[in-house]
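Heads up, the thing below is written out as structure tokens.
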Amino acid sequence: MSAEATNPATPGPVVSGGQRKRGRARLDLRRLGRAALLGSGTRDRLPDAIGHVAEAHRNHYPDADLEPLRRAYVLAESSHRGQTRKSGEPYITHPLAVTLILAQLGAEITTLTASLLHDTVEDTDVTLDQVRAEFGDDVCYLVDGVTKLEKVDYGAAAEPETFRKMLVATGNDVRVMSIKLADRLHNMRTLGVMRPEKQARIAKVTRDVLIPLAERLGVQALKTELEDLVFAILHPEDCAQVKAMIAANAESEGDPLGDIAGEVRNVLRDAGITAEVLIRPRHSVSVHRVHRKRGELRASDFGRLLVLVNEDADCYGVLGELHTCFTPVVSEFKDFIAVPKFNLYQSLHTAVTRSDGEVAEVLIRTHQMHQVAEAGVVALHNPYAPPSEEPSDRADDERADPTRPGWLSRLLDWQQAAPDPDTFWSTLREDLAQDREIAVFRPDGGTLGLPAGASCVDAAYAQYGEDAHACIGARVNGRLATLSTVLRDGDTVQLLMSQDPTSGPSRDWLDHARTPAARIAIRRWLTTHPAPAPAAVTPMASTRRPPQQTPAVVPAPEDSAALRPTAANAVVDREGASVRLAGCCTPVPPDDVTAFAVRGGVVTVHRVGCPAVERMKEVGRPEIGVRWGDTAECRVTLIAESFGRAHLLADLTEAIALEGVAIISATVEPPTQQRVRHTYTLQLPDAAHLPGLMRAMREVPGVYDVSRAQHPAAAAH
């Protein structure tokens with residue numbers, strides 16, 4: 001059975017802030033009599049035990065048809081009859097409590113029906129076929145999704161494989177995980193009579209898996225209570241200290257946060273902004289985090305102000321008034337309305353200071369944003385229903401349907417490649433520990449969702465799968481970048497792929513991969529491919545240049561004078577002058593050129609766009625007229641930039657020779673940051689061949705750019 005025992009000291013159910021009815025007593029399911037659990041047995045009224053569920057549901061759906069809920073309860077109660085929890089109470093109290101949690105958050109009738117039945121297939125004689133026949137395919141799918149796999153069949157792998165099954169089901173219907181989270185919350189509330197070692201084991205799985213999933217699905221109301229329950233079990237001393245601080249603050253004189261709330265109400269009323277200003281106490285784990293960050297806490301640190309308005313524009317109106325009438329703490333401002341979090345969360349965060357130095361953190365959001373902030377995907381009601389079936393007053397047409405958020409799609413992809421349950425279980429915990437997500441853009445306008453801290457390696461595997469083995473580099477925001485480059489939210493990433501079929505990842509890639517999909521694919525490739533020979537340079541090899549190492553040079557076939565650019569067919573307007581083409585920009589026909597006189601009566605010819613031209617003008621050197629003569633032959637210096645690999649120099653040399661171009665000299669610098677720079681001085685029979693030559697060089701596998709030499713430091717003075 002999935003539920004255990006009752007702890008009367010645990011807190012009550014979480015309620016969506018926008019839907020809470022003040023003064024309503026918490027339903028004590030343990031004290032319900034047998035008659036209330038069984039109900040009247042008539043079809044014209046609901047059993048007393050689900051009266052609170054029905055009331056909570058109708059707060060969100062006033063006209064809801066509750067007949068499926070009644071039938072589900074009757075089946076669940078009769079199926080679980082005779083079963084008890086560890087505490088001795090009737091087992092039906094567990095699915096009732098889980099369903100009440102979801103009803104208070106705003107779950108629709110299909111979710112509530114499945115919630116009442118979620119343990120029937122696992123713990124009773126009810127079959128999935130019976131559930132499908134009685135309640136339809138959707139309810140059957142949800143019940144199947146949360147049904148555990150048997151230990152007798154899976155042994156020690158039962159728990160990880162159950163979670164794998166549940167996550168795959170969630171990929172098709174996020175309501176599966178909504179039920180699981182509510183189920184775990186009630187079990188955590190009622191964990192008190194379990195053995196301490198079992199409490200700790202369940203709490204650790206909750207901390208490592210369920211709480212991150214609640215965060216990703218935006219169900220903050222469940223997440224915060226789960227955090228506090230785990231905190232009490234795993235860190236009892238810290239928890240007791242925090243509770244003592246909270247109690248001491250409650251008993252202290254004065255209420256600065258209440259005073260600031262009153263001032264904020266007056267400010268907004270005078271500005272004509274309709275708003276509800278509430279004090280939102282921090283939960284225990286939040287207080288603990290603030291205490292560790294700031295040390296001694298002020299009275300205002302034990303809560304935050306929550307300002308609820310009707311329209312998005314009013315949020316910014318409230319922000320403007322607060323920043324005008326109080327002193328804003330600039331470092332605390334965050335706009336999650338313009339840029340929502342990946343889990344649907346929207347809100348403005350700020351902090352303001354009064355003249356007496358008291359600081360209050362403020363959350364500003366609409367009522368709709370608040371419901372989504374508390375209930376996450378549960379607030380979407382039935383995301384799979386056609387628009388016409390959605391309640392008109394609950395629809396939010398501006399929101400994208402997150403039935404397959406990016407993190408979930410990535411998880412579903414990599415879990416298929418996880419070779420065994422242990423790898424899946426450990427990798428799942430690592431993946432869920434990454435609590436932020438970024439979006440990067442492809443050149444074609446598409447987007448890639450990645451965890452914060454992801455590198456170009458992760459982007460490659462996210463876009464190309466195992467074809468990313470051939471990736472040799474990237475351009476980030478138009479600039480060349482290595483695969484180890486860490487990406488930021490909003491970056492544009494162009495991945496450069498090798499055409500060499502032997503290309504593959506190196507072990508260094510594992511140091512830069514954050515996503516499980518990338519790490520699993522890289523490890524599998526490394527396992528199935530032998531290590532390269534020591535002399536080979538792999539695309540991601542971290543080769544550092546020794547301090548005294550000099551570039552490798554292919555000597556020119558002529559003497560050193562052949563390395564100097566010649567005048568070729570440049571004609572200058574100065575009779576008898578010695579003409580030389582500038583080595584900094586190596587102009588060739590039909591470049592636009594200009595010329596300057598330098599020492600020794602020599603005239604150097606530069607491309608018009610060369611940086612040296614501006615320096616010449618700045619120091620007052622006059623320009624000399626220059627034009628190209630009739631001779632088409634020319635000499636040019638080209639720079640080829642590439643990612644290191646074996647035989648690259650030979651392949652480039654062959655490509656140049658096939659174009660009928662003579663190589664005067666070639667310099668190859670040692671690899672640095674996985675990049676290699678080749679500098680060629682070439683003699684072309686015709687300047688018109690230059691574009692074709694550069695194109696042929698770019699097509700050599702591993703080469704990502706070929707450019708004309710442009711070295712300002714080489715300019716003649």
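By convention here, the chains of the structure tokens are called A, B, ... in the order presented, each chain's residues are numbered starting at 1, and ligands are numbered starting at 1 in the order presented.
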- Query: Skipping near chain neighbours, those fewer than 6 positions away, what residues fall within 9 Å of region 474-490 of chain A using only C-alpha atoms, listed as an NGL selection string?
  - Reply: :A and (437-441 or 452-460 or 496-497 or 509 or 511-513 or 540 or 673-675 or 704)
Based on the selection just made, write C-alpha atoms of those residues as an mmCIF file, in the first residue's frame.
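To be explicit, this is the file written out as out.cif:
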```
data_model
loop_
_atom_site.group_PDB
_atom_site.id
_atom_site.type_symbol
_atom_site.label_atom_id
_atom_site.label_comp_id
_atom_site.auth_asym_id
_atom_site.auth_seq_id
_atom_site.Cartn_x
_atom_site.Cartn_y
_atom_site.Cartn_z
ATOM 1 C CA GLU A 437 16.580 26.581 -17.400
ATOM 2 C CA ILE A 438 17.716 28.765 -20.285
ATOM 3 C CA ALA A 439 16.559 29.115 -23.871
ATOM 4 C CA VAL A 440 19.058 29.481 -26.718
ATOM 5 C CA PHE A 441 18.239 30.165 -30.347
ATOM 6 C CA ALA A 452 21.533 26.683 -16.726
ATOM 7 C CA GLY A 453 25.268 26.089 -17.095
ATOM 8 C CA ALA A 454 24.866 24.073 -20.302
ATOM 9 C CA SER A 455 27.634 24.314 -22.884
ATOM 10 C CA CYS A 456 27.815 24.107 -26.659
ATOM 11 C CA VAL A 457 28.321 20.348 -26.195
ATOM 12 C CA ASP A 458 24.855 20.134 -24.636
ATOM 13 C CA ALA A 459 23.358 22.277 -27.396
ATOM 14 C CA ALA A 460 24.872 19.981 -30.018
ATOM 15 C CA LEU A 496 29.692 23.565 -36.887
ATOM 16 C CA MET A 497 29.721 19.967 -38.077
ATOM 17 C CA TRP A 509 33.687 16.553 -23.681
ATOM 18 C CA ASP A 511 33.942 17.798 -18.514
ATOM 19 C CA HIS A 512 31.723 20.258 -20.384
ATOM 20 C CA ALA A 513 28.461 18.299 -20.688
ATOM 21 C CA MET A 540 38.114 18.634 -28.309
ATOM 22 C CA GLN A 673 41.856 26.063 -27.117
ATOM 23 C CA GLN A 674 41.199 23.290 -29.635
ATOM 24 C CA ARG A 675 41.837 25.661 -32.572
ATOM 25 C CA TYR A 704 35.540 26.864 -40.234
#
```
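In this structure, CA of Ala261 (chain A) sits 25.1 Å away from CA of Glu225 (chain A).
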- Task: Using only C-alpha atoms, determine which residues lie at most 12 Å from Ala709 (chain A), disregarding the query and same-chain residues fewer than 3 positions distant; provide the list as a VMD selection string.
- Result: chain A and resid 565 582 to 588 606 to 607 610 to 611 635 to 641 677 to 682 706 712 to 715
Write the residues of the selection above to a file with N, CA, C and O atoms, as a short mmCIF file (atom, residue, chain, number, x, y, z; two decimals), in the first residue's frame.
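The result, written out as again14.cif:
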```cif
data_model
loop_
_atom_site.label_atom_id
_atom_site.label_comp_id
_atom_site.auth_asym_id
_atom_site.auth_seq_id
_atom_site.Cartn_x
_atom_site.Cartn_y
_atom_site.Cartn_z
N PRO A 565 55.68 40.67 -49.66
CA PRO A 565 54.74 40.99 -50.72
C PRO A 565 55.41 41.86 -51.77
O PRO A 565 56.19 42.75 -51.45
N ALA A 582 51.24 45.96 -48.94
CA ALA A 582 51.30 45.88 -47.48
C ALA A 582 51.05 44.45 -47.00
O ALA A 582 50.09 43.80 -47.43
N GLY A 583 51.89 43.99 -46.09
CA GLY A 583 51.71 42.65 -45.55
C GLY A 583 50.55 42.54 -44.57
O GLY A 583 50.09 41.45 -44.28
N CYS A 584 50.06 43.69 -44.08
CA CYS A 584 48.97 43.64 -43.10
C CYS A 584 47.64 43.31 -43.73
O CYS A 584 46.76 42.74 -43.08
N CYS A 585 47.44 43.64 -45.00
CA CYS A 585 46.14 43.39 -45.63
C CYS A 585 46.25 42.71 -46.99
O CYS A 585 45.24 42.39 -47.61
N THR A 586 47.48 42.53 -47.49
CA THR A 586 47.76 41.83 -48.75
C THR A 586 46.73 42.13 -49.84
O THR A 586 45.96 41.25 -50.24
N PRO A 587 46.70 43.34 -50.35
CA PRO A 587 45.70 43.67 -51.39
C PRO A 587 45.99 42.93 -52.69
O PRO A 587 47.14 42.68 -53.04
N VAL A 588 44.91 42.59 -53.40
CA VAL A 588 45.01 41.98 -54.72
C VAL A 588 43.91 42.60 -55.58
O VAL A 588 42.92 43.13 -55.08
N HIS A 606 47.81 49.64 -49.60
CA HIS A 606 46.91 49.02 -48.63
C HIS A 606 45.50 48.92 -49.20
O HIS A 606 45.10 49.74 -50.04
N ARG A 607 44.76 47.94 -48.70
CA ARG A 607 43.33 47.95 -48.96
C ARG A 607 42.70 49.14 -48.24
O ARG A 607 43.13 49.51 -47.14
N CYS A 610 41.77 48.76 -44.57
CA CYS A 610 42.79 48.29 -43.64
C CYS A 610 42.90 49.25 -42.45
O CYS A 610 42.93 50.48 -42.64
N PRO A 611 43.00 48.73 -41.22
CA PRO A 611 43.14 49.62 -40.06
C PRO A 611 44.37 50.51 -40.14
O PRO A 611 44.38 51.61 -39.58
N ARG A 635 50.03 38.01 -55.51
CA ARG A 635 50.41 37.24 -54.33
C ARG A 635 49.50 37.67 -53.17
O ARG A 635 49.20 38.86 -53.02
N VAL A 636 49.06 36.71 -52.38
CA VAL A 636 48.11 37.00 -51.31
C VAL A 636 48.42 36.12 -50.10
O VAL A 636 48.95 35.01 -50.26
N THR A 637 48.12 36.63 -48.92
CA THR A 637 48.27 35.84 -47.68
C THR A 637 46.89 35.51 -47.14
O THR A 637 46.06 36.41 -46.93
N LEU A 638 46.64 34.22 -46.96
CA LEU A 638 45.35 33.75 -46.44
C LEU A 638 45.55 33.07 -45.09
O LEU A 638 46.57 32.41 -44.86
N ILE A 639 44.56 33.24 -44.24
CA ILE A 639 44.58 32.61 -42.91
C ILE A 639 43.42 31.64 -42.84
O ILE A 639 42.26 32.02 -43.02
N ALA A 640 43.74 30.37 -42.60
CA ALA A 640 42.71 29.34 -42.43
C ALA A 640 42.64 28.97 -40.96
O ALA A 640 43.64 28.57 -40.36
N GLU A 641 41.45 29.10 -40.38
CA GLU A 641 41.24 28.74 -38.98
C GLU A 641 40.42 27.46 -38.93
O GLU A 641 39.42 27.32 -39.64
N ARG A 677 45.60 27.55 -36.35
CA ARG A 677 45.65 28.68 -37.29
C ARG A 677 46.75 28.40 -38.33
O ARG A 677 47.90 28.17 -37.99
N HIS A 678 46.38 28.41 -39.62
CA HIS A 678 47.30 28.20 -40.74
C HIS A 678 47.42 29.52 -41.49
O HIS A 678 46.41 30.13 -41.85
N THR A 679 48.65 29.94 -41.77
CA THR A 679 48.88 31.15 -42.56
C THR A 679 49.63 30.77 -43.83
O THR A 679 50.73 30.20 -43.76
N TYR A 680 49.03 31.06 -44.99
CA TYR A 680 49.62 30.71 -46.29
C TYR A 680 49.90 31.97 -47.09
O TYR A 680 49.04 32.86 -47.19
N THR A 681 51.11 32.06 -47.64
CA THR A 681 51.40 33.08 -48.65
C THR A 681 51.39 32.37 -50.00
O THR A 681 52.13 31.40 -50.21
N LEU A 682 50.53 32.85 -50.90
CA LEU A 682 50.23 32.11 -52.13
C LEU A 682 50.43 33.01 -53.35
O LEU A 682 50.17 34.22 -53.30
N VAL A 706 38.13 31.01 -43.59
CA VAL A 706 39.31 31.40 -44.36
C VAL A 706 39.17 32.89 -44.64
O VAL A 706 38.13 33.35 -45.12
N PRO A 712 47.03 44.52 -38.20
CA PRO A 712 47.43 45.92 -38.05
C PRO A 712 48.88 46.07 -37.62
O PRO A 712 49.57 47.00 -38.04
N ALA A 713 49.38 45.16 -36.79
CA ALA A 713 50.74 45.31 -36.29
C ALA A 713 51.78 45.17 -37.39
O ALA A 713 52.91 45.60 -37.26
N ALA A 714 51.39 44.58 -38.52
CA ALA A 714 52.34 44.34 -39.60
C ALA A 714 52.46 45.51 -40.55
O ALA A 714 53.22 45.48 -41.49
N ALA A 715 51.68 46.56 -40.35
CA ALA A 715 51.70 47.68 -41.28
C ALA A 715 53.05 48.37 -41.26
O ALA A 715 53.70 48.51 -40.23
#
```
- Task: Could you please determine the separation between CA of Asp270 (chain A) and CA of Leu348 (chain A) in Å, to one decimal place?
- Result: 21.1 Å
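When only C-alpha atoms are used to measure the gap to Val571 (chain A), the shortest distance among A:Val626, A:Val98, A:Leu450, A:Cys471 belongs to A:Val626.
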- Message: Please compute the CA of Trp525 (chain A)-CA of Gly465 (chain A) distance, one decimal, in Å.
- Response: 12.3 Å
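Restricting the calculation to only C-alpha atoms, the smallest distance between Ile337 (chain A) and any of A:Cys315, A:Ala299, A:Val287, A:Val53 is found for A:Cys315.
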- Task: Would you mind listing what lies within 10 Å of region 207-212 of chain A as a ChimeraX atom specification, with only C-alpha atoms counted and same-chain residues fewer than 6 positions away left out?
- Result: /A:163,177,180-181,184-185,201,218-220,222-227,229-231,234,425,428-435
- Message: Can you pull out the residues contacting Val603 (chain A)? Cut-off 9 Å, using only C-alpha atoms, and skip same-chain residues under 5 positions away; I want them as a PyMOL selection string.
- Response: chain A and resi 572+574+577-581+595-598+624
Write to file, as a PDB file, in the first residue's frame, the residues of the selection just made, with N, CA and C atoms.
```pdb
ATOM      1  N   VAL A 572      51.734  53.296 -58.946  1.00  0.00           N
ATOM      2  CA  VAL A 572      51.481  54.448 -58.073  1.00  0.00           C
ATOM      3  C   VAL A 572      51.820  55.730 -58.817  1.00  0.00           C
ATOM      4  N   ARG A 574      53.807  58.115 -58.370  1.00  0.00           N
ATOM      5  CA  ARG A 574      55.082  58.694 -57.933  1.00  0.00           C
ATOM      6  C   ARG A 574      56.176  58.016 -58.755  1.00  0.00           C
ATOM      7  N   ALA A 577      59.348  55.451 -57.721  1.00  0.00           N
ATOM      8  CA  ALA A 577      59.205  54.940 -56.358  1.00  0.00           C
ATOM      9  C   ALA A 577      59.200  53.415 -56.359  1.00  0.00           C
ATOM     10  N   SER A 578      59.739  52.849 -55.282  1.00  0.00           N
ATOM     11  CA  SER A 578      59.675  51.398 -55.082  1.00  0.00           C
ATOM     12  C   SER A 578      58.325  51.059 -54.447  1.00  0.00           C
ATOM     13  N   VAL A 579      57.568  50.186 -55.097  1.00  0.00           N
ATOM     14  CA  VAL A 579      56.195  49.887 -54.662  1.00  0.00           C
ATOM     15  C   VAL A 579      56.164  48.522 -53.968  1.00  0.00           C
ATOM     16  N   ARG A 580      55.444  48.478 -52.822  1.00  0.00           N
ATOM     17  CA  ARG A 580      55.310  47.223 -52.082  1.00  0.00           C
ATOM     18  C   ARG A 580      53.876  47.071 -51.591  1.00  0.00           C
ATOM     19  N   LEU A 581      53.349  45.857 -51.729  1.00  0.00           N
ATOM     20  CA  LEU A 581      52.014  45.570 -51.197  1.00  0.00           C
ATOM     21  C   LEU A 581      52.120  45.338 -49.695  1.00  0.00           C
ATOM     22  N   ALA A 595      47.611  54.286 -51.158  1.00  0.00           N
ATOM     23  CA  ALA A 595      49.042  54.096 -50.928  1.00  0.00           C
ATOM     24  C   ALA A 595      49.598  55.247 -50.099  1.00  0.00           C
ATOM     25  N   PHE A 596      50.715  54.965 -49.371  1.00  0.00           N
ATOM     26  CA  PHE A 596      51.396  55.954 -48.548  1.00  0.00           C
ATOM     27  C   PHE A 596      52.895  55.773 -48.708  1.00  0.00           C
ATOM     28  N   ALA A 597      53.614  56.899 -48.659  1.00  0.00           N
ATOM     29  CA  ALA A 597      55.072  56.843 -48.680  1.00  0.00           C
ATOM     30  C   ALA A 597      55.573  56.525 -47.285  1.00  0.00           C
ATOM     31  N   VAL A 598      56.559  55.624 -47.200  1.00  0.00           N
ATOM     32  CA  VAL A 598      57.158  55.270 -45.915  1.00  0.00           C
ATOM     33  C   VAL A 598      58.665  55.464 -46.022  1.00  0.00           C
ATOM     34  N   ILE A 624      48.739  58.602 -51.647  1.00  0.00           N
ATOM     35  CA  ILE A 624      49.298  58.615 -52.995  1.00  0.00           C
ATOM     36  C   ILE A 624      48.370  57.800 -53.882  1.00  0.00           C
TER      37      ILE A 624
END
```
- Task: Using DSSP on the backbone coordinates, identify the residues of region 320-528 of chain A assigned to alpha helix (DSSP H); present them as a PyMOL selection string.
- Result: chain A and resi 320-325+367-375+406-417+421-432+456-464+509-512+516-528
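Taking only C-alpha atoms into account, Thr274 (chain A) lies nearest to A:Val309 out of the set A:Val309, A:Val193, A:Ala518, A:Ala200.
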- Show which residues sit within 9 Å of Arg354 (chain A), as number ranges by chain. Count only C-alpha atoms, and ignore same-chain residues fewer than 3 positions away. A: 260, 325-327, 357-360
- Message: I'd like the neighbourhood of region 104-121 of chain A as number ranges by chain, where a residue qualifies if any of its atoms comes within 7 Å (using only C-alpha atoms), though same-chain residues fewer than 6 positions away should be ignored.
- Response: A: 15-16, 56-57, 60, 68-69, 72-73, 76, 79, 95-96, 98, 127-128, 139, 142-143, 146-147, 175, 179, 375, 378-379, 381-382
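Each of A:Ala373, A:Val126, A:Ala696, A:Lys334 was checked against Glu654 (chain A) using only C-alpha atoms; the smallest atom-to-atom distance is that of A:Ala696.
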